[in-house]
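Dumped run15.json below, it's JSON, C-alpha atoms:
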```
[["chain", "number", "residue", "atom", "x", "y", "z"],
["A", 2, "MET", "CA", 4.59, 53.84, -27.58],
["A", 3, "LEU", "CA", 6.57, 55.42, -24.80],
["A", 4, "ASP", "CA", 3.65, 54.95, -22.45],
["A", 5, "SER", "CA", 3.40, 51.19, -23.08],
["A", 6, "VAL", "CA", 7.15, 50.66, -22.39],
["A", 7, "TYR", "CA", 6.83, 52.77, -19.26],
["A", 8, "MET", "CA", 3.75, 50.81, -18.19],
["A", 9, "LYS", "CA", 5.52, 47.45, -18.76],
["A", 10, "LYS", "CA", 8.49, 48.54, -16.63],
["A", 11, "LEU", "CA", 6.19, 49.78, -13.91],
["A", 12, "LEU", "CA", 4.23, 46.52, -13.98],
["A", 13, "LEU", "CA", 7.47, 44.50, -13.83],
["A", 14, "ILE", "CA", 8.75, 46.50, -10.84],
["A", 15, "PHE", "CA", 5.39, 46.06, -9.10],
["A", 16, "MET", "CA", 5.43, 42.28, -9.68],
["A", 17, "ILE", "CA", 9.01, 41.89, -8.42],
["A", 18, "SER", "CA", 8.32, 43.91, -5.29],
["A", 19, "ALA", "CA", 5.10, 41.93, -4.65],
["A", 20, "LEU", "CA", 7.03, 38.65, -4.90],
["A", 21, "PHE", "CA", 9.79, 39.95, -2.65],
["A", 22, "LEU", "CA", 7.43, 41.30, -0.02],
["A", 23, "GLY", "CA", 5.22, 38.21, -0.20],
["A", 24, "GLY", "CA", 8.24, 35.99, 0.45],
["A", 25, "CYS", "CA", 9.20, 38.02, 3.50],
["A", 26, "LYS", "CA", 5.86, 37.70, 5.20],
["A", 27, "THR", "CA", 6.22, 36.91, 8.89],
["A", 28, "THR", "CA", 4.48, 34.04, 10.62],
["A", 29, "ALA", "CA", 1.02, 34.47, 11.95],
["A", 30, "ARG", "CA", 0.98, 35.09, 15.67],
["A", 31, "ILE", "CA", 0.00, 32.11, 17.75],
["A", 32, "PRO", "CA", -2.22, 33.13, 20.65],
["A", 33, "MET", "CA", -0.23, 32.85, 23.87],
["A", 34, "LEU", "CA", -1.50, 30.45, 26.51],
["A", 35, "LYS", "CA", -1.44, 30.88, 30.26],
["A", 36, "ASN", "CA", -0.96, 28.17, 32.87],
["A", 37, "SER", "CA", -4.10, 26.76, 34.49],
["A", 38, "LEU", "CA", -6.19, 27.04, 31.30],
["A", 39, "THR", "CA", -8.68, 24.25, 30.82],
["A", 40, "PRO", "CA", -8.50, 21.97, 27.78],
["A", 41, "LYS", "CA", -11.70, 23.58, 26.49],
["A", 42, "ALA", "CA", -10.14, 27.07, 26.65],
["A", 43, "VAL", "CA", -7.03, 25.82, 24.84],
["A", 44, "ILE", "CA", -9.16, 24.28, 22.09],
["A", 45, "GLU", "CA", -10.97, 27.61, 21.70],
["A", 46, "LEU", "CA", -7.62, 29.40, 21.23],
["A", 47, "TRP", "CA", -5.57, 26.84, 19.28],
["A", 48, "GLY", "CA", -8.13, 24.35, 17.98],
["A", 49, "ASN", "CA", -7.94, 20.58, 18.32],
["A", 50, "PRO", "CA", -4.46, 19.09, 18.81],
["A", 51, "LEU", "CA", -2.81, 16.81, 16.28],
["A", 52, "GLU", "CA", -2.19, 14.23, 18.96],
["A", 53, "LYS", "CA", -3.18, 13.52, 22.57],
["A", 54, "ILE", "CA", -1.05, 11.23, 24.71],
["A", 55, "GLN", "CA", -1.90, 9.91, 28.16],
["A", 56, "ALA", "CA", 1.51, 10.13, 29.86],
["A", 57, "GLY", "CA", 0.53, 8.63, 33.20],
["A", 58, "SER", "CA", -0.10, 10.24, 36.55],
["A", 59, "THR", "CA", 1.72, 12.15, 39.25],
["A", 60, "PRO", "CA", 2.49, 10.60, 42.65],
["A", 61, "LYS", "CA", -0.75, 12.24, 43.89],
["A", 62, "ASN", "CA", -2.65, 10.40, 41.10],
["A", 63, "TYR", "CA", -3.33, 13.50, 38.98],
["A", 64, "PRO", "CA", -3.60, 12.46, 35.33],
["A", 65, "VAL", "CA", -0.96, 13.88, 32.99],
["A", 66, "GLU", "CA", -1.74, 14.39, 29.32],
["A", 67, "LEU", "CA", 0.38, 15.69, 26.43],
["A", 68, "TRP", "CA", -1.09, 17.55, 23.47],
["A", 69, "LYS", "CA", 0.86, 18.19, 20.29],
["A", 70, "TYR", "CA", 0.22, 21.09, 17.90],
["A", 71, "SER", "CA", 1.81, 22.08, 14.59],
["A", 72, "PHE", "CA", 1.60, 25.56, 13.06],
["A", 73, "LYS", "CA", 2.84, 26.49, 9.61],
["A", 74, "LYS", "CA", 5.45, 29.23, 9.45],
["A", 75, "GLY", "CA", 4.78, 32.01, 6.95],
["A", 76, "HIS", "CA", 5.14, 31.43, 3.24],
["A", 77, "SER", "CA", 8.83, 30.62, 3.02],
["A", 78, "LEU", "CA", 9.70, 27.46, 1.12],
["A", 79, "SER", "CA", 12.18, 26.15, 3.70],
["A", 80, "GLY", "CA", 10.13, 27.03, 6.79],
["A", 81, "LYS", "CA", 9.36, 23.96, 8.88],
["A", 82, "PRO", "CA", 6.17, 24.06, 10.92],
["A", 83, "GLU", "CA", 6.40, 25.15, 14.52],
["A", 84, "GLU", "CA", 5.61, 22.24, 16.78],
["A", 85, "TRP", "CA", 4.36, 22.79, 20.31],
["A", 86, "VAL", "CA", 3.66, 20.42, 23.17],
["A", 87, "LEU", "CA", 1.27, 21.20, 26.01],
["A", 88, "ILE", "CA", 1.32, 19.32, 29.29],
["A", 89, "PHE", "CA", -1.94, 19.14, 31.22],
["A", 90, "VAL", "CA", -2.00, 18.02, 34.86],
["A", 91, "ASP", "CA", -5.42, 17.21, 36.25],
["A", 92, "SER", "CA", -7.10, 18.96, 33.26],
["A", 93, "GLU", "CA", -5.19, 22.22, 33.74],
["A", 94, "LEU", "CA", -2.44, 23.55, 31.50],
["A", 95, "TYR", "CA", 0.87, 23.02, 33.29],
["A", 96, "LEU", "CA", 3.39, 23.79, 30.54],
["A", 97, "CYS", "CA", 3.34, 25.09, 26.98],
["A", 98, "THR", "CA", 6.66, 24.71, 25.16],
["A", 99, "GLU", "CA", 8.09, 24.24, 21.69],
["A", 100, "ASP", "CA", 8.62, 20.56, 20.92],
["A", 101, "ASN", "CA", 11.86, 19.66, 22.72],
["A", 102, "PRO", "CA", 11.84, 15.99, 23.77],
["A", 103, "ASP", "CA", 14.59, 16.43, 26.39],
["A", 104, "LYS", "CA", 12.80, 19.34, 28.09],
["A", 105, "ILE", "CA", 9.44, 17.55, 28.01],
["A", 106, "PHE", "CA", 10.95, 14.36, 29.42],
["A", 107, "GLN", "CA", 12.65, 16.36, 32.20],
["A", 108, "GLU", "CA", 9.31, 18.01, 33.07],
["A", 109, "LEU", "CA", 7.63, 14.62, 33.24],
["A", 110, "LEU", "CA", 10.42, 13.45, 35.56],
["A", 111, "ASN", "CA", 9.93, 16.58, 37.71],
["A", 112, "LEU", "CA", 6.20, 15.87, 37.89],
["A", 113, "GLY", "CA", 6.96, 12.34, 39.04],
["A", 114, "VAL", "CA", 5.23, 10.69, 36.10],
["A", 115, "PHE", "CA", 8.38, 8.64, 35.56],
["A", 116, "ASP", "CA", 10.58, 7.35, 38.34],
["A", 117, "ASP", "CA", 14.39, 7.39, 37.96],
["A", 118, "GLU", "CA", 14.51, 3.71, 39.00],
["A", 119, "GLU", "CA", 11.86, 2.92, 36.39],
["A", 120, "ILE", "CA", 13.96, 4.69, 33.74],
["A", 121, "THR", "CA", 17.06, 2.77, 34.85],
["A", 122, "LEU", "CA", 15.11, -0.50, 34.62],
["A", 123, "LEU", "CA", 13.90, 0.43, 31.14],
["A", 124, "GLU", "CA", 17.45, 1.28, 30.05],
["A", 125, "ASN", "CA", 18.75, -2.00, 31.53],
["A", 126, "GLN", "CA", 15.94, -3.91, 29.84],
["A", 127, "GLU", "CA", 16.84, -2.26, 26.54],
["A", 128, "SER", "CA", 20.54, -3.12, 26.93],
["A", 129, "LEU", "CA", 19.62, -6.73, 27.84],
["A", 130, "GLN", "CA", 17.38, -6.91, 24.78],
["A", 131, "ASN", "CA", 20.24, -5.59, 22.62],
["A", 132, "ALA", "CA", 22.62, -8.16, 24.13],
["A", 133, "ALA", "CA", 20.12, -10.98, 23.51],
["A", 134, "THR", "CA", 19.67, -9.85, 19.91],
["A", 135, "LYS", "CA", 23.45, -9.73, 19.41],
["A", 136, "ALA", "CA", 23.85, -13.20, 20.97],
["A", 137, "GLU", "CA", 21.18, -14.59, 18.62],
["A", 138, "GLU", "CA", 22.96, -13.01, 15.63],
["A", 139, "ASN", "CA", 26.26, -14.57, 16.79],
["A", 140, "ARG", "CA", 24.57, -17.98, 17.20],
["A", 141, "ARG", "CA", 23.21, -17.80, 13.66],
["A", 142, "THR", "CA", 26.63, -16.79, 12.33],
["A", 143, "MET", "CA", 28.28, -19.71, 14.13],
["A", 144, "ASP", "CA", 25.63, -22.10, 12.73],
["A", 145, "ILE", "CA", 26.43, -20.85, 9.23],
["A", 146, "ILE", "CA", 30.16, -21.27, 9.82],
["A", 147, "ARG", "CA", 29.66, -24.82, 11.18],
["A", 148, "THR", "CA", 27.47, -25.74, 8.21],
["A", 149, "TYR", "CA", 30.08, -24.39, 5.81],
["A", 150, "GLN", "CA", 32.87, -26.28, 7.61],
["A", 151, "PHE", "CA", 30.80, -29.47, 7.47],
["A", 152, "TYR", "CA", 30.27, -28.90, 3.74],
["A", 153, "GLN", "CA", 34.01, -28.38, 3.19],
["A", 154, "ASN", "CA", 34.89, -31.51, 5.20],
["A", 155, "THR", "CA", 32.34, -33.54, 3.24],
["A", 156, "GLN", "CA", 33.78, -32.26, -0.04],
["A", 157, "MET", "CA", 37.31, -33.22, 1.07],
["A", 158, "GLN", "CA", 36.12, -36.71, 2.09],
["A", 159, "ILE", "CA", 34.40, -37.20, -1.28],
["A", 160, "GLN", "CA", 37.53, -36.11, -3.14],
["A", 161, "THR", "CA", 39.69, -38.42, -1.03],
["A", 162, "GLN", "CA", 37.34, -41.37, -1.69],
["A", 163, "GLN", "CA", 37.36, -40.62, -5.43],
["A", 164, "LEU", "CA", 41.15, -40.46, -5.45],
["A", 165, "LEU", "CA", 41.43, -43.78, -3.57],
["A", 166, "GLN", "CA", 39.02, -45.45, -6.00],
["A", 167, "THR", "CA", 40.99, -44.14, -8.95],
["A", 168, "LEU", "CA", 44.20, -45.49, -7.44],
["A", 169, "ARG", "CA", 42.64, -48.93, -6.77],
["A", 170, "GLN", "CA", 41.31, -49.23, -10.30],
["A", 171, "GLN", "CA", 44.62, -48.49, -12.02],
["A", 172, "PRO", "CA", 47.14, -51.33, -12.14],
["A", 173, "VAL", "CA", 50.28, -50.41, -10.42],
["A", 174, "TYR", "CA", 53.21, -50.60, -12.80],
["A", 175, "ILE", "CA", 56.43, -51.65, -11.16],
["A", 176, "PRO", "CA", 59.39, -51.25, -13.51],
["A", 177, "PRO", "CA", 61.82, -54.17, -13.74],
["A", 178, "PRO", "CA", 64.99, -53.76, -11.78],
["A", 179, "ALA", "CA", 67.78, -52.06, -13.64],
["A", 180, "PRO", "CA", 70.78, -54.20, -14.68],
["A", 181, "PRO", "CA", 73.77, -53.79, -12.49],
["A", 182, "ALA", "CA", 76.07, -51.02, -13.58],
["A", 183, "LYS", "CA", 79.39, -51.99, -15.11],
["A", 184, "GLN", "CA", 82.44, -51.11, -13.24],
["A", 185, "ILE", "CA", 84.75, -48.70, -14.89],
["A", 186, "ARG", "CA", 88.36, -49.53, -14.65],
["A", 187, "GLN", "CA", 90.81, -47.04, -13.69]]
```
What does this structure look like when you write it as C-alpha coordinates?
Amino acid sequence: MLDSVYMKKLLLIFMISALFLGGCKTTARIPMLKNSLTPKAVIELWGNPLEKIQAGSTPKNYPVELWKYSFKKGHSLSGKPEEWVLIFVDSELYLCTEDNPDKIFQELLNLGVFDDEEITLLENQESLQNAATKAEENRRTMDIIRTYQFYQNTQMQIQTQQLLQTLRQQPVYIPPPAPPAKQIRQ
(Lines of atoms letter the chains of each structure in order from A and count residues from 1; the text may use other names and numbers.)
(Lines give C-alpha, C1' and ligand atoms only; values in the text may rest on other atoms or scores of the structure.)
Protein backbone atom coordinates (compact mmCIF):
# COMPACT_ATOMS: atom_id res chain seq x y z
CA MET A 1 0.00 0.00 0.00
CA LEU A 2 2.84 2.34 0.73
CA ASP A 3 4.26 1.70 -2.71
CA SER A 4 1.05 2.68 -4.51
CA VAL A 5 0.81 6.02 -2.60
CA TYR A 6 4.46 6.66 -3.33
CA MET A 7 3.94 5.79 -7.00
CA LYS A 8 0.90 8.12 -7.26
CA LYS A 9 2.87 11.02 -5.77
CA LEU A 10 5.77 10.35 -8.09
CA LEU A 11 3.43 10.20 -11.09
CA LEU A 12 1.74 13.45 -10.02
CA ILE A 13 5.10 15.23 -9.65
CA PHE A 14 6.18 13.92 -13.06
CA MET A 15 2.96 15.16 -14.71
CA ILE A 16 3.20 18.62 -13.13
CA SER A 17 6.83 19.03 -14.16
CA ALA A 18 6.01 17.83 -17.71
CA LEU A 19 3.23 20.42 -17.98
CA PHE A 20 5.46 23.15 -16.59
CA LEU A 21 8.39 22.34 -18.85
CA GLY A 22 6.12 21.88 -21.86
CA GLY A 23 4.63 25.34 -21.32
CA CYS A 24 8.08 26.91 -21.18
CA LYS A 25 9.23 25.53 -24.49
CA THR A 26 11.01 28.15 -26.56
CA THR A 27 10.13 29.00 -30.13
CA ALA A 28 11.61 27.03 -32.94
CA ARG A 29 14.51 28.81 -34.56
CA ILE A 30 13.71 30.44 -37.86
CA PRO A 31 16.56 30.02 -40.33
CA MET A 32 18.29 33.36 -40.79
CA LEU A 33 18.32 34.86 -44.26
CA LYS A 34 21.09 36.80 -45.94
CA ASN A 35 20.72 39.68 -48.36
CA SER A 36 20.98 38.85 -52.07
CA LEU A 37 19.28 35.45 -51.70
CA THR A 38 17.06 34.50 -54.61
CA PRO A 39 13.35 33.86 -54.11
CA LYS A 40 13.97 30.17 -54.77
CA ALA A 41 16.56 29.99 -51.97
CA VAL A 42 14.19 31.77 -49.58
CA ILE A 43 11.41 29.31 -50.40
CA GLU A 44 13.80 26.43 -49.70
CA LEU A 45 14.57 27.89 -46.24
CA TRP A 46 11.20 29.35 -45.19
CA GLY A 47 8.69 27.76 -47.55
CA ASN A 48 6.06 29.60 -49.57
CA PRO A 49 4.98 33.01 -48.23
CA LEU A 50 1.47 33.74 -47.00
CA GLU A 51 1.24 36.71 -49.31
CA LYS A 52 3.15 38.26 -52.22
CA ILE A 53 2.65 41.93 -53.07
CA GLN A 54 4.00 43.74 -56.12
CA ALA A 55 4.99 47.09 -54.57
CA GLY A 56 6.13 48.81 -57.74
CA SER A 57 9.58 49.56 -59.05
CA THR A 58 12.64 51.62 -58.21
CA PRO A 59 13.64 54.68 -60.25
CA LYS A 60 15.94 52.34 -62.24
CA ASN A 61 12.89 50.15 -63.04
CA TYR A 62 13.89 47.24 -60.80
CA PRO A 63 10.74 45.44 -59.64
CA VAL A 64 10.06 45.50 -55.89
CA GLU A 65 8.10 42.70 -54.27
CA LEU A 66 7.02 42.13 -50.66
CA TRP A 67 6.60 38.67 -49.15
CA LYS A 68 4.84 38.07 -45.86
CA TYR A 69 5.50 35.12 -43.54
CA SER A 70 3.96 34.06 -40.24
CA PHE A 71 5.59 31.65 -37.78
CA LYS A 72 3.93 30.28 -34.67
CA LYS A 73 5.67 30.99 -31.38
CA GLY A 74 6.18 28.00 -29.09
CA HIS A 75 3.28 26.45 -27.24
CA SER A 76 2.24 29.35 -25.05
CA LEU A 77 -1.45 30.21 -25.12
CA SER A 78 -0.95 33.97 -25.46
CA GLY A 79 1.90 33.83 -27.98
CA LYS A 80 1.02 35.65 -31.18
CA PRO A 81 2.68 34.41 -34.35
CA GLU A 82 5.85 36.13 -35.48
CA GLU A 83 5.20 37.98 -38.71
CA TRP A 84 8.03 38.79 -41.09
CA VAL A 85 8.18 40.81 -44.28
CA LEU A 86 10.81 40.32 -46.96
CA ILE A 87 11.54 42.93 -49.60
CA PHE A 88 12.94 41.70 -52.90
CA VAL A 89 14.48 44.11 -55.41
CA ASP A 90 15.06 42.71 -58.87
CA SER A 91 14.55 39.13 -57.55
CA GLU A 92 17.17 39.47 -54.80
CA LEU A 93 16.48 39.71 -51.08
CA TYR A 94 16.97 43.32 -50.04
CA LEU A 95 15.56 43.33 -46.50
CA CYS A 96 14.20 40.80 -44.02
CA THR A 97 12.46 42.38 -41.03
CA GLU A 98 9.72 41.70 -38.51
CA ASP A 99 6.41 43.13 -39.67
CA ASN A 100 6.65 46.85 -38.88
CA PRO A 101 4.58 48.90 -41.36
CA ASP A 102 6.40 52.17 -40.61
CA LYS A 103 9.84 50.64 -41.18
CA ILE A 104 8.71 48.86 -44.35
CA PHE A 105 7.12 52.03 -45.72
CA GLN A 106 10.31 54.00 -44.95
CA GLU A 107 12.39 51.38 -46.81
CA LEU A 108 10.08 51.62 -49.81
CA LEU A 109 10.50 55.40 -49.72
CA ASN A 110 14.29 54.97 -49.52
CA LEU A 111 14.19 52.63 -52.52
CA GLY A 112 12.23 55.25 -54.45
CA VAL A 113 9.20 53.02 -54.97
CA PHE A 114 7.05 55.84 -53.62
CA ASP A 115 7.72 59.51 -54.23
CA ASP A 116 7.20 62.06 -51.43
CA GLU A 117 5.10 64.21 -53.81
CA GLU A 118 3.01 61.15 -54.68
CA ILE A 119 2.44 60.51 -50.96
CA THR A 120 1.47 64.16 -50.43
CA LEU A 121 -0.98 63.92 -53.34
CA LEU A 122 -2.47 60.74 -51.88
CA GLU A 123 -2.83 62.38 -48.46
CA ASN A 124 -4.43 65.47 -50.06
CA GLN A 125 -6.74 63.26 -52.09
CA GLU A 126 -7.74 61.43 -48.92
CA SER A 127 -8.43 64.68 -47.06
CA LEU A 128 -10.47 65.97 -50.04
CA GLN A 129 -12.43 62.72 -50.07
CA ASN A 130 -13.08 63.08 -46.33
CA ALA A 131 -14.22 66.69 -46.83
CA ALA A 132 -16.54 65.66 -49.68
CA THR A 133 -18.01 62.89 -47.54
CA LYS A 134 -18.55 65.31 -44.65
CA ALA A 135 -20.17 67.87 -47.00
CA GLU A 136 -22.54 65.18 -48.32
CA GLU A 137 -23.46 64.19 -44.75
CA ASN A 138 -24.13 67.87 -43.92
CA ARG A 139 -26.29 68.24 -47.06
CA ARG A 140 -28.37 65.21 -46.07
CA THR A 141 -28.75 66.56 -42.53
CA MET A 142 -29.90 69.94 -43.87
CA ASP A 143 -32.40 68.19 -46.19
CA ILE A 144 -33.82 66.34 -43.19
CA ILE A 145 -34.04 69.56 -41.18
CA ARG A 146 -35.79 71.38 -44.07
CA THR A 147 -38.24 68.51 -44.51
CA TYR A 148 -39.00 68.54 -40.80
CA GLN A 149 -39.48 72.33 -40.81
CA PHE A 150 -41.80 72.03 -43.82
CA TYR A 151 -43.77 69.35 -41.96
CA GLN A 152 -44.04 71.57 -38.86
CA ASN A 153 -45.15 74.58 -40.93
CA THR A 154 -47.76 72.46 -42.71
CA GLN A 155 -49.06 71.17 -39.37
CA MET A 156 -49.33 74.75 -38.06
CA GLN A 157 -51.20 75.86 -41.21
CA ILE A 158 -53.63 72.93 -40.90
CA GLN A 159 -54.28 73.75 -37.24
CA THR A 160 -54.81 77.42 -38.07
CA GLN A 161 -57.27 76.53 -40.87
CA GLN A 162 -59.15 74.18 -38.53
CA LEU A 163 -59.35 76.87 -35.87
CA LEU A 164 -60.64 79.45 -38.38
CA GLN A 165 -63.29 77.02 -39.64
CA THR A 166 -64.40 76.30 -36.10
CA LEU A 167 -64.68 80.02 -35.40
CA ARG A 168 -66.71 80.63 -38.60
CA GLN A 169 -69.14 77.83 -37.84
CA GLN A 170 -69.97 79.00 -34.32
CA PRO A 171 -72.39 81.92 -34.03
CA VAL A 172 -70.82 84.79 -32.30
CA TYR A 173 -72.77 85.69 -29.18
CA ILE A 174 -72.74 89.37 -28.40
CA PRO A 175 -74.22 90.07 -24.97
CA PRO A 176 -76.76 92.89 -24.72
CA PRO A 177 -75.43 96.13 -23.36
CA ALA A 178 -75.60 96.45 -19.62
CA PRO A 179 -78.13 98.93 -18.17
CA PRO A 180 -76.63 102.15 -17.05
CA ALA A 181 -75.44 102.12 -13.48
CA LYS A 182 -77.44 104.08 -10.94
CA GLN A 183 -75.80 106.98 -9.38
CA ILE A 184 -75.26 106.79 -5.70
CA ARG A 185 -76.02 109.89 -3.81
CA GLN A 186 -73.72 111.20 -1.33
Selected residue of minimal separation from Glu108 (chain A) among A:Gln156, A:Thr59, A:Thr148, A:Gln163, counting only C-alpha atoms: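 Counting only C-alpha atoms, the residue closest to Glu108 (chain A) is A:Thr59.
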Which residue is closest to Lys73 (chain A)? Choose from A:Ile31, A:Ala42, A:Leu110, A:Pro60 and count all atoms listed in the file.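 The answer is A:Ile31, which sits nearest to Lys73 (chain A).
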10 Å contact set for Leu51 (chain A), all atoms listed in the file, chain neighbours under 3 positions out, as a list in words: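 Result of the neighbour search: Gly48, Trp68, Lys69, Tyr70 and Ser71 of chain A.
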Given all atoms listed in the file as the basis, pick out the residue of A:Leu34, A:Ile88, A:Leu129, A:Lys135 nearest to Ile105 (chain A). A:Ile88
Between CA of Pro102 (chain A) and CA of Asn62 (chain A), what is the distance, to one decimal in Å?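 About the pair CA of Pro102 (chain A) and CA of Asn62 (chain A): they are 23.3 Å apart.
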Gap from CA of Ala56 (chain A) to CA of Gly113 (chain A) - Å, one decimal: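 Interatomic distance here is 10.9 Å.
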One decimal, in Å: what's the spacing between CA of Glu84 (chain A) and CA of Phe72 (chain A)?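 About the pair CA of Glu84 (chain A) and CA of Phe72 (chain A): they are 6.4 Å apart.
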Long-range neighbours of Leu38 (chain A) as a list in words, 12 Å cut-off, only C-alpha atoms, 5 positions minimum in chain: Met33, Val43, Ile44, Glu45, Leu46, Leu87, Ile88, Phe89, Val90, Asp91, Ser92, Glu93, Leu94, Tyr95, Leu96 and Cys97 of chain A
Would you mind telling me which residue in A:Arg186, A:Arg140, A:Lys53, A:Arg147 lies nearest to Pro40 (chain A) when using all atoms listed in the file? A:Lys53
Of A:Lys35, A:Ala132, A:Lys61, A:Gln160, the one nearest to Thr98 (chain A) when counting all atoms listed in the file is A:Lys35
What box, with edges along x, y and z, holds each listed atom of region 156-171 of chain A when 8 Å is added on every side, and can you state its centre and edge lengths in Å to one decimal, as AutoDock Vina command-line options?
```
--center_x 39.2 --center_y -40.7 --center_z -5.0 --size_x 26.8 --size_y 33.0 --size_z 30.1
```
